Amino acid sequence: MISPYLVDIIILLIAAVIAVPFFQAVKLGAVPGFLIAGVIVGPSGLGLISNISEIGHLAEIGVVLLLFIIGIELKPSRLWLMRRLVFGLGTLQVILTGFVLAAVSYYFFDISLRVAILVGPALALSSTAFVLQILTEQKLLRSVYGRTSFSVLLLQDLAVVPLLALVPLLSMSDPGTGKEIGFALFESLFILTLVIVIGRFFLHPLLHRVALSGNSEVFTASAVLLVLGTSLVLEHIGLSMAMGAFIAGLFISDSSYKHQIMAEIHPFRGLLLGLFFMSMGMSFNLSLLLETPQIILQALGLLITIKIILLVPLVYLFGIKAKKSLAVGLLLAQSGEFALVLFSLANQSDLLSDVLFQQLLLVVLLSMIITPFLAHIAQTLSKTQGQKQLTNIEKPVKAPIVLAGFGRVGHRIGEILTIAGKPFVALDSDAYIVERERAKGYPVFYGDVRNTEVLKSAGASNATVIIVTLNDSEAAEQLVSSLRIKHPEVNIYVRGHSLTQCCELRKLGATGVVSEYVEASLELVLMALIKVDGNEKEQEKIVEDFRRKYYAEIYDVDISKKIND
């Protein structure tokens, strides 16, 4: 008997494989492709899938993993540098927009005051998953426009915490005594503090022990357990799973294991985040839209207009140019996934009626569907003022040299680079080596260099040179091959062993190869010849001629000039 879940997964994969490449081909990006694919296979489309709620629960993990990656990339020190935009601009946007939307809901749509208090701030929240995916596709996450948008989104994610606590309070006919509320708040703060302390002092030693085992599957399981475990604990105390994942990411943002963990999480995040957007599309109620189009479209128009009108001047007041301010307003004009979570909880608590819940759901989903079109306009506006200002304000972190392997040979190269004052990043899969070398001050991180996602996380795409010093011949060949495909412009220099392996490395795309065996042999025989015959120049010429002939077989050219240089 075929499992219905297996059939659903196959249908979703087929829909994504067809829709997403099409939308990317017409320059609309992957996100609307996932949304439309969900609409097509969902109840409002062909009705091929009906298990929307079950799929939605699984898809929420995609948002959780996205917030985890954000937490890793956003070090606490970097968050402090962004405090003006996060806590200044972000706070003003949430409070002001939430107040205006609540007032419009109460006065123009005949929603009760208790419900409007929740609806306004919930609609003020934009889609973190949606916007960050769009900024990543546009390659503008580090731009002024991208950084400002991210700052607002970060505060909005923080605002989810009090809003989640607000739902049960608004749902109560009797909100309870102040003593009960105070005790619940104290309990939540205590558990949150305990989680932070455990993460701060015990997480790194635990990961170190797991890494020492040398079992990549266990390390992957540990990474997933870290994310889901922290998320579950924080959800238990009344916070969101996404906030728990964000805090878990902050725990390891300065860890030597962060690049490997990001590489392990990346496949899960991409797949489940796409599933999340498809689940949003499957929730689209086309029949309700056709029944009450005027109310839905009017609410949608007011939502987009109010958020843009309020956000643009706020961004401008924080020193962002007019066109970039408008770009930020357009990009954040939608409502997002946390509004859907809040509305769902409110509906389950009988705070929202079923009809109002479905109407709000439609408004949020429609705002997300039109976002790619608004984002395209925003991208154009953000680039009209030139790239010079962007580079001066937010310069990406760049390591010109990446060392793949920091063992005996890699360590010596690192020493020389340090003496020369050249910054580099090194990766090694031996946890003991990583701990030892980091204690000496070297920028070494734990990670399997054969995983290109680890190298990408460490900055390989921004590197000028990648030096491969692996002792494992097969691993070195695999790495060179994948690097040449993923990063065709990067110079790849490799440590080889035999003549056969060096030739193979060149065929696979290595820019330069050094044979460890022959170089040691040449140095030893040179010392012996000088000792026996005493004619240093003549012996050096003999050795140098041999070196030219040897490397000529590898490069298949006369490289004497290159060697002499």
# chains A, B, ... in the order shown; residues from 1 in each chain; ligands from 1
>>> select_by_dssp(residues="segment 19-173 of chain A", states="helix (DSSP H, G or I)", output="PyMOL selection string")
chain A and resi 19-25+30-41+52-73+76-81+83-108+113-124+128-138+144-171
>>> residues_around(residues="Ala375 of chain A", least_positions_apart="5", cutoff="9 Å", atoms="only C-alpha atoms", output="PyMOL selection string")
chain A and resi 131+134-135+327-328+330-332+370+380
>>> residues_around(residues="segment 404-408 of chain A", least_positions_apart="2", cutoff="8 Å", atoms="only C-alpha atoms", output="ChimeraX atom specification")
/A:402,410-412,414,426-429,433,444,449,466-470
>>> write_last_selection(atoms="N, CA and C atoms", output="PDB file, in the first residue's frame")
ATOM      1  N   VAL A 402      42.090  31.215   1.604  1.00  0.00           N
ATOM      2  CA  VAL A 402      41.443  30.165   2.396  1.00  0.00           C
ATOM      3  C   VAL A 402      42.337  28.938   2.369  1.00  0.00           C
ATOM      4  N   GLY A 410      49.680  22.870   6.301  1.00  0.00           N
ATOM      5  CA  GLY A 410      48.830  24.045   6.417  1.00  0.00           C
ATOM      6  C   GLY A 410      49.260  24.976   7.526  1.00  0.00           C
ATOM      7  N   HIS A 411      49.717  24.393   8.638  1.00  0.00           N
ATOM      8  CA  HIS A 411      50.184  25.211   9.762  1.00  0.00           C
ATOM      9  C   HIS A 411      51.378  26.066   9.361  1.00  0.00           C
ATOM     10  N   ARG A 412      52.321  25.465   8.627  1.00  0.00           N
ATOM     11  CA  ARG A 412      53.499  26.230   8.198  1.00  0.00           C
ATOM     12  C   ARG A 412      53.098  27.364   7.253  1.00  0.00           C
ATOM     13  N   GLY A 414      50.246  28.863   7.245  1.00  0.00           N
ATOM     14  CA  GLY A 414      49.583  29.862   8.086  1.00  0.00           C
ATOM     15  C   GLY A 414      50.575  30.727   8.824  1.00  0.00           C
ATOM     16  N   ALA A 426      41.225  29.344   7.809  1.00  0.00           N
ATOM     17  CA  ALA A 426      41.609  27.941   7.642  1.00  0.00           C
ATOM     18  C   ALA A 426      40.499  27.025   8.135  1.00  0.00           C
ATOM     19  N   LEU A 427      40.379  25.868   7.486  1.00  0.00           N
ATOM     20  CA  LEU A 427      39.393  24.857   7.867  1.00  0.00           C
ATOM     21  C   LEU A 427      40.080  23.516   8.049  1.00  0.00           C
ATOM     22  N   ASP A 428      39.645  22.770   9.071  1.00  0.00           N
ATOM     23  CA  ASP A 428      40.197  21.442   9.286  1.00  0.00           C
ATOM     24  C   ASP A 428      39.134  20.581   9.951  1.00  0.00           C
ATOM     25  N   SER A 429      39.118  19.287   9.612  1.00  0.00           N
ATOM     26  CA  SER A 429      38.111  18.378  10.152  1.00  0.00           C
ATOM     27  C   SER A 429      38.558  17.694  11.436  1.00  0.00           C
ATOM     28  N   ILE A 433      43.004  19.634  16.364  1.00  0.00           N
ATOM     29  CA  ILE A 433      43.837  20.638  15.691  1.00  0.00           C
ATOM     30  C   ILE A 433      43.170  22.014  15.759  1.00  0.00           C
ATOM     31  N   VAL A 444      41.187  29.414  12.657  1.00  0.00           N
ATOM     32  CA  VAL A 444      40.906  28.060  12.182  1.00  0.00           C
ATOM     33  C   VAL A 444      39.507  27.656  12.637  1.00  0.00           C
ATOM     34  N   VAL A 449      36.225  20.112   4.569  1.00  0.00           N
ATOM     35  CA  VAL A 449      36.479  20.974   3.418  1.00  0.00           C
ATOM     36  C   VAL A 449      35.958  20.379   2.117  1.00  0.00           C
ATOM     37  N   ILE A 466      42.738  29.773  -2.923  1.00  0.00           N
ATOM     38  CA  ILE A 466      42.431  28.660  -2.027  1.00  0.00           C
ATOM     39  C   ILE A 466      43.599  27.688  -2.093  1.00  0.00           C
ATOM     40  N   ILE A 467      44.191  27.403  -0.937  1.00  0.00           N
ATOM     41  CA  ILE A 467      45.340  26.494  -0.870  1.00  0.00           C
ATOM     42  C   ILE A 467      44.876  25.185  -0.241  1.00  0.00           C
ATOM     43  N   VAL A 468      45.020  24.096  -0.970  1.00  0.00           N
ATOM     44  CA  VAL A 468      44.582  22.777  -0.508  1.00  0.00           C
ATOM     45  C   VAL A 468      45.801  22.007  -0.018  1.00  0.00           C
ATOM     46  N   THR A 469      45.823  21.676   1.269  1.00  0.00           N
ATOM     47  CA  THR A 469      46.989  20.991   1.841  1.00  0.00           C
ATOM     48  C   THR A 469      46.625  19.609   2.377  1.00  0.00           C
ATOM     49  N   LEU A 470      45.531  19.039   1.910  1.00  0.00           N
ATOM     50  CA  LEU A 470      45.061  17.750   2.421  1.00  0.00           C
ATOM     51  C   LEU A 470      46.064  16.644   2.124  1.00  0.00           C
TER      52      LEU A 470
END
>>> residues_around(residues="Asn347 of chain A", least_positions_apart="3", cutoff="10 Å", atoms="only C-alpha atoms", output="PDB file with C-alpha atoms, in the first residue's frame")
ATOM      1  CA  VAL A 167      -3.043  36.179  22.527  1.00  0.00           C
ATOM      2  CA  SER A 171      -8.722  35.482  24.793  1.00  0.00           C
ATOM      3  CA  VAL A 341       0.887  32.049  13.378  1.00  0.00           C
ATOM      4  CA  LEU A 342      -0.711  34.700  15.611  1.00  0.00           C
ATOM      5  CA  PHE A 343      -4.020  34.581  13.755  1.00  0.00           C
ATOM      6  CA  SER A 344      -4.046  30.777  13.909  1.00  0.00           C
ATOM      7  CA  ASP A 350     -11.880  31.692  19.829  1.00  0.00           C
ATOM      8  CA  LEU A 351     -10.583  35.253  19.722  1.00  0.00           C
ATOM      9  CA  LEU A 352     -11.005  35.310  15.915  1.00  0.00           C
ATOM     10  CA  SER A 353     -14.064  33.919  14.171  1.00  0.00           C
ATOM     11  CA  ASP A 354     -13.513  31.423  11.350  1.00  0.00           C
ATOM     12  CA  VAL A 355     -14.663  33.914   8.689  1.00  0.00           C
ATOM     13  CA  LEU A 356     -12.435  36.729   9.957  1.00  0.00           C
ATOM     14  CA  PHE A 357      -9.514  34.309  10.252  1.00  0.00           C
ATOM     15  CA  GLN A 358      -9.900  33.209   6.618  1.00  0.00           C
TER      16      GLN A 358
END
>>> residues_around(residues="segment 65-67 of chain A", least_positions_apart="5", cutoff="8 Å", atoms="only C-alpha atoms", output="ChimeraX atom specification")
/A:129,227,242-243,245-246,249,265,268-269,273
>>> residues_around(residues="Tyr555 of chain A", least_positions_apart="4", cutoff="9 Å", atoms="only C-alpha atoms", output="VMD selection string")
chain A and resid 503 506 512 to 513 551 559
>>> atom_distance(atom1="atom CA of Gln298 of chain A", atom2="atom CA of Leu314 of chain A")
24.5 Å
>>> residues_around(residues="Lys383 of chain A", least_positions_apart="4", cutoff="10 Å", atoms="only C-alpha atoms", output="PDB file with N, CA and C atoms, in the first residue's frame")
ATOM      1  N   LEU A 140      21.659  41.411  -2.357  1.00  0.00           N
ATOM      2  CA  LEU A 140      21.669  42.754  -1.786  1.00  0.00           C
ATOM      3  C   LEU A 140      21.497  42.734  -0.271  1.00  0.00           C
ATOM      4  N   SER A 143      23.761  45.210   1.349  1.00  0.00           N
ATOM      5  CA  SER A 143      23.662  46.601   0.910  1.00  0.00           C
ATOM      6  C   SER A 143      22.974  47.448   1.974  1.00  0.00           C
ATOM      7  N   TYR A 145      20.238  49.121   1.631  1.00  0.00           N
ATOM      8  CA  TYR A 145      18.818  48.780   1.537  1.00  0.00           C
ATOM      9  C   TYR A 145      18.532  47.426   2.193  1.00  0.00           C
ATOM     10  N   LYS A 323      15.338  57.409  -2.233  1.00  0.00           N
ATOM     11  CA  LYS A 323      15.000  56.263  -3.080  1.00  0.00           C
ATOM     12  C   LYS A 323      15.206  54.939  -2.354  1.00  0.00           C
ATOM     13  N   LYS A 324      16.249  54.858  -1.554  1.00  0.00           N
ATOM     14  CA  LYS A 324      16.470  53.630  -0.778  1.00  0.00           C
ATOM     15  C   LYS A 324      15.421  53.494   0.309  1.00  0.00           C
ATOM     16  N   ALA A 327      12.549  52.063  -1.350  1.00  0.00           N
ATOM     17  CA  ALA A 327      12.826  50.652  -1.640  1.00  0.00           C
ATOM     18  C   ALA A 327      12.561  49.782  -0.409  1.00  0.00           C
ATOM     19  N   ALA A 378      11.772  47.782  -5.916  1.00  0.00           N
ATOM     20  CA  ALA A 378      12.684  48.181  -4.844  1.00  0.00           C
ATOM     21  C   ALA A 378      14.139  47.949  -5.234  1.00  0.00           C
ATOM     22  N   GLN A 379      14.405  46.825  -5.900  1.00  0.00           N
ATOM     23  CA  GLN A 379      15.776  46.519  -6.343  1.00  0.00           C
ATOM     24  C   GLN A 379      16.273  47.579  -7.320  1.00  0.00           C
ATOM     25  N   GLN A 387      26.876  52.221  -6.726  1.00  0.00           N
ATOM     26  CA  GLN A 387      27.388  51.196  -5.828  1.00  0.00           C
ATOM     27  C   GLN A 387      28.481  51.722  -4.903  1.00  0.00           C
ATOM     28  N   LEU A 390      27.222  52.161  -1.376  1.00  0.00           N
ATOM     29  CA  LEU A 390      26.940  50.850  -0.806  1.00  0.00           C
ATOM     30  C   LEU A 390      28.222  50.211  -0.288  1.00  0.00           C
TER      31      LEU A 390
END
